[in-house]
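The structure appears below as structure tokens.
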Amino acid sequence: MKRLFVFGRESRLEKAIATVQSAAELAPMQAMQSLQEWLNQELRRGKERQDGLVILRGVDAGLRTILEAALAAMLDAQSNHARMNLLTQNMVPFCDIILSLYTEALRREMVELARKPTNTPLVQASVANWLYWIGRDHVVRFVREPKTDRLPWHEIRPAAEFALGLGGTLSVRITQKNEGDAGRLQKQLAHLVLLSRTLTPDLQGRQLLIADRLADALAGFISVSDQHSSATPFGQVDNNDNPPTVLTRVPTQLKQEGKGLFYGLEKSLRELIALEQLIANQRSVPQKIDPSGKLELAETLTVIKHLKNRWSGREIKRMAERKAISGSLNIVYDFTAVRRLVAAAQQQSNTKTLEPTVERAQVEDVSATGVGLKLVKHTGWLKVGQILGVRTDKDVNWRIGIVRRAIARAQGEMLAGVQLLGRDPESVRLTRRAKVSQWEKVTDHQSWDNLLALYLRPDPLNGNHHLLILAKPELELGKIYSAPGTREGSLSFRIVNQHEIGADCVFYRAERLVETEEPTAPGDTSNNSLSI
């Protein structure tokens with residue numbers, strides 16, 4: 001009787017949704033662990049059923065919620081190596097088994113389901129979800145162990161072509177990119193195209209996750225077409241797993257078969273550059289990219305700089321080869337402390353100042369442009385884009401560097417990749433007329449502001465530019481500033497552009513003027529820039 005009257009019995013889909021929803025109420029790590037056995041059972045039972053895609057479509061949103069929460073937790077675990085390891089140890093098998101479920105279900109059911117036109121949305125949604133999990137699996141594996149891992153393009157392209165071509169010609173479906181499940185499918189496909197040009201071993205940890213967020217936000221701007229043209233130059237040479245690249249001509253085999261998908265990244269690149277300018281001007285990462293406010297400004301701009309090269313098709317080469325070396329040196333962090341110690345070195349005074357931000361660091365490797373450092377028992381201050389002073393025991397002055405990589409290791413260790421920018425920096429005092437009203441003046445003399453800065457003279461390491469480094473964005477482009485009492489006498493600078501925003505400072509590129517074009521502050525005869 002129970003078999004005949006099924007009223008009141010919970011369906012298989014309802015049970016699956018309830019299972020995932022219950023797990024989603026737990027913390028991300030516990031949620032992934034609790035679902036592992038259920039997912040394995042679904043994979044074993046899938047061979048006997050033909051409802052795998054329906055079940056997966058029903059629970060996909062819940063599974064994504066769990067994974068996205070885990071990815072967000074990874075951003076918070078920057079310097080916590082143990083927590084990062086625990087997250088990746090759970091995320092890799094979690095993504096792998098869901099991806100396996102989708103792959104097996106598509107192989108069993110897709111062609112049969114596609115025979116009925118009413119199933120087109122289900123097939124397209126399933127392929128779009130499958131592409132999403134291919135991307136998540138790729139990202140979490142790359143975070144765990146950065147490598148040049150390949151996406152399964154020999155499966156991605158034919159599946160996407162098949163699903164997009166349902167219910168009409170491929171070219172018609174592609175032009176309707178913003179509509180329904182076909183639109184979602186194209187966006188996921190475009191996201192994978194960007195990922196294939198985004199994730200490289202040069203990006204590690206948080207930088208990989210930031211790059212993935214940027215790729216996801218800008219994937220909708222990619223042009224997808226079944227025609228190769230100047231607007232869609234990216235495509236695949238053959239049916240292997242090489243990612244889409246710029247093609248000078250369509251491969252003969254694809255041309256004869258009339259197949260192939262081609263992509264244009266130009267608009268995405270323009271939007272990336274616009275985003276970079278927006279972040280630099282507003283000095284904050286837009287909420288769409290960073291809803292929880294966890295992203296560092298300088299680190300995000302560093303990733304964008306990397307992506308601009310990758311998305312434009314430029315080949316990125318290391319500036320100089322690294323050589324392993326053992327030793328140690330002194331470092332100092334925090335802009336104010338760095339400037340004070342540079343000023344003290346200029347005075348060559350025997351008076352010692354106690355700076356709490358001075359540490360001893362072990363040298364891992366060196367190159368012509370930088371140094372790799374290991375920080376033991378790190379206290380959490382290291383950030384990408386942070387200014388550092390670096391000095392060996394034989395040096396008199398400090399060298400200026402900027403942190404380009406920050407990687408957590410076990411037992412509280414951090415590895416820092418530092419790009420060196422200048423050999424002989426100078427602490428200078430820039431002067432400008434103070435912005436005060438007539439009511440605040442007590443004399444007829446002009447009132448002056450003093451801005452303390454570091455001055456880097458032209459050097460191959462900094463692109464042979466005159467660089468001024470300040471703690472805040474206080475200089476105005478095109479304006480002229482005086483620097484009285486430097487070791488070369490009084491100097492004047494015209495600000496050319498804002499060269500870079502660091503984690504605790506701002507770099508300006510300046511033009512050094514032969515003659516002072518604005519009056520200096522009255523009575524500036526002493527080298528006050530050296531006072532600490």
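Identifiers in this document derive from the order of the structure tokens: chains are assigned A, B, ..., residues are numbered from 1 separately in each chain, and ligands are numbered from 1 in order of occurrence.
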Need to verify the contact set: Ser312 of chain A, 8 Å, only C-alpha atoms, exclusion of same-chain residues closer than 6 positions in sequence. Can you return it as a short mmCIF file (atom, residue, chain, number, x, y, z; two decimals) with C-alpha atoms, in the first residue's frame?
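Writing the result to result.cif gives the following:
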```cif
data_model
loop_
_atom_site.label_atom_id
_atom_site.label_comp_id
_atom_site.auth_asym_id
_atom_site.auth_seq_id
_atom_site.Cartn_x
_atom_site.Cartn_y
_atom_site.Cartn_z
CA LEU A 265 38.76 40.78 -24.39
CA GLU A 266 39.12 44.43 -25.42
CA LEU A 269 40.44 45.30 -20.56
#
```
Between atom CA of Ile400 of chain A and atom CA of Glu426 of chain A, measure the distance and give it in Å to one decimal.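 So the answer is 10.1 Å.
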Counting only C-alpha atoms, which residue out of A:Arg12, A:Leu63, A:Thr392, A:Leu272 sits closest to Arg49 of chain A?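 Smallest separation from Arg49 of chain A among the options: A:Arg12.
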Who sits within 12 Å of Arg360 of chain A, only C-alpha atoms, same chain under 4 positions skipped, as a PyMOL selection string: chain A and resi 327-333+356+373-378+389-393
What lies within 9 Å of Gln346 of chain A using only C-alpha atoms, ignoring chain neighbours under 6 positions off, as a tab-separated table (two decimals) with N, CA, C and O atoms, in the first residue's frame?
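Listed below is the output, around_26.tsv:
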```
chain	number	residue	atom	x	y	z
A	396	VAL	N	75.52	52.17	5.24
A	396	VAL	CA	75.31	53.35	6.07
A	396	VAL	C	73.86	53.81	5.95
A	396	VAL	O	73.16	53.97	6.95
A	397	ASN	N	73.41	53.99	4.71
A	397	ASN	CA	72.03	54.42	4.48
A	397	ASN	C	71.14	53.20	4.24
A	397	ASN	O	71.62	52.10	3.99
A	426	GLU	N	66.77	60.04	0.20
A	426	GLU	CA	66.98	61.21	1.05
A	426	GLU	C	65.65	61.65	1.63
A	426	GLU	O	64.63	61.68	0.93
A	427	SER	N	65.68	62.01	2.91
A	427	SER	CA	64.50	62.57	3.55
A	427	SER	C	64.48	64.07	3.25
A	427	SER	O	65.45	64.78	3.52
A	530	LEU	N	66.49	66.90	7.75
A	530	LEU	CA	67.23	65.84	8.43
A	530	LEU	C	66.80	65.68	9.87
A	530	LEU	O	67.26	64.79	10.55
```
Can you tell me, as a list in words, what residues are no more than 9 Å from Leu75 of chain A when counting only C-alpha atoms, ignoring any on the same chain fewer than 2 positions away?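 Counting only C-alpha atoms, the residues come to Leu71, Ala72, Ala73, Ala77, Gln78, Gly205, Arg206, Leu209, Ile210, Lys294 and Leu295 of chain A.
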Using N, CA and C atoms, can you write the selected residues to a file as a PDB file, in the first residue's frame?
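Result file is part06.pdb:
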```pdb
ATOM      1  N   LEU A  71      35.524  30.612   0.498  1.00  0.00           N
ATOM      2  CA  LEU A  71      36.473  31.461  -0.231  1.00  0.00           C
ATOM      3  C   LEU A  71      36.658  32.800   0.480  1.00  0.00           C
ATOM      4  N   ALA A  72      35.565  33.365   1.011  1.00  0.00           N
ATOM      5  CA  ALA A  72      35.664  34.620   1.760  1.00  0.00           C
ATOM      6  C   ALA A  72      36.502  34.431   3.019  1.00  0.00           C
ATOM      7  N   ALA A  73      36.369  33.262   3.670  1.00  0.00           N
ATOM      8  CA  ALA A  73      37.167  32.986   4.868  1.00  0.00           C
ATOM      9  C   ALA A  73      38.653  32.904   4.538  1.00  0.00           C
ATOM     10  N   ALA A  77      42.263  34.633   6.169  1.00  0.00           N
ATOM     11  CA  ALA A  77      43.301  33.745   6.703  1.00  0.00           C
ATOM     12  C   ALA A  77      44.661  34.016   6.070  1.00  0.00           C
ATOM     13  N   GLN A  78      44.915  35.278   5.698  1.00  0.00           N
ATOM     14  CA  GLN A  78      46.130  35.623   4.969  1.00  0.00           C
ATOM     15  C   GLN A  78      47.403  35.166   5.686  1.00  0.00           C
ATOM     16  N   GLY A 205      48.154  33.088  -2.899  1.00  0.00           N
ATOM     17  CA  GLY A 205      47.310  33.380  -1.746  1.00  0.00           C
ATOM     18  C   GLY A 205      46.170  34.316  -2.075  1.00  0.00           C
ATOM     19  N   ARG A 206      46.085  35.413  -1.321  1.00  0.00           N
ATOM     20  CA  ARG A 206      45.005  36.384  -1.478  1.00  0.00           C
ATOM     21  C   ARG A 206      44.969  36.967  -2.884  1.00  0.00           C
ATOM     22  N   LEU A 209      42.819  35.024  -5.184  1.00  0.00           N
ATOM     23  CA  LEU A 209      41.390  35.194  -4.912  1.00  0.00           C
ATOM     24  C   LEU A 209      40.895  36.549  -5.398  1.00  0.00           C
ATOM     25  N   ILE A 210      41.733  37.583  -5.265  1.00  0.00           N
ATOM     26  CA  ILE A 210      41.357  38.908  -5.783  1.00  0.00           C
ATOM     27  C   ILE A 210      41.258  38.856  -7.302  1.00  0.00           C
ATOM     28  N   LYS A 294      37.154  43.585   2.837  1.00  0.00           N
ATOM     29  CA  LYS A 294      38.344  42.857   3.281  1.00  0.00           C
ATOM     30  C   LYS A 294      39.578  43.086   2.405  1.00  0.00           C
ATOM     31  N   LEU A 295      39.390  43.675   1.207  1.00  0.00           N
ATOM     32  CA  LEU A 295      40.505  43.781   0.271  1.00  0.00           C
ATOM     33  C   LEU A 295      41.359  45.006   0.556  1.00  0.00           C
TER      34      LEU A 295
END
```
What does the distance between atom CA of Asp395 of chain A and atom CA of His499 of chain A come to in Å, to one decimal place?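 Computing it gives 27.7 Å between the two atoms.
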Considering only C-alpha atoms, return as JSON, numbers by chain whatever protein or nucleic-acid residues lie within 10 Å of Met84 of chain A, sequence-local ones (same chain, fewer than 3 positions apart) excluded. {"A": [73, 74, 75, 76, 77, 78, 79, 80, 81, 87, 88, 89, 143, 144, 205, 408, 409]}
So that I can check the secondary structure, give me every residue of segment 234-305 of chain A assigned alpha helix (DSSP H) by backbone DSSP, as a PyMOL selection string. chain A and resi 252-257+266-282+297-305
Near-Phe507 of chain A list (8 Å; only C-alpha atoms; drop same-chain fewer than 3 positions) as a list in words: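 Everything that qualifies: Leu467, Leu468, Ile469, Leu470, Gln498, His499, Glu500, Ile501 and Gly502 of chain A.
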Mind pulling up the distance from atom CA of Leu454 of chain A to atom CA of Glu511 of chain A? 15.0 Å
Top pick for closest residue to Pro152 of chain A, considering A:His138, A:Arg405, A:Lys479, A:Lys308 and counting only C-alpha atoms: A:His138
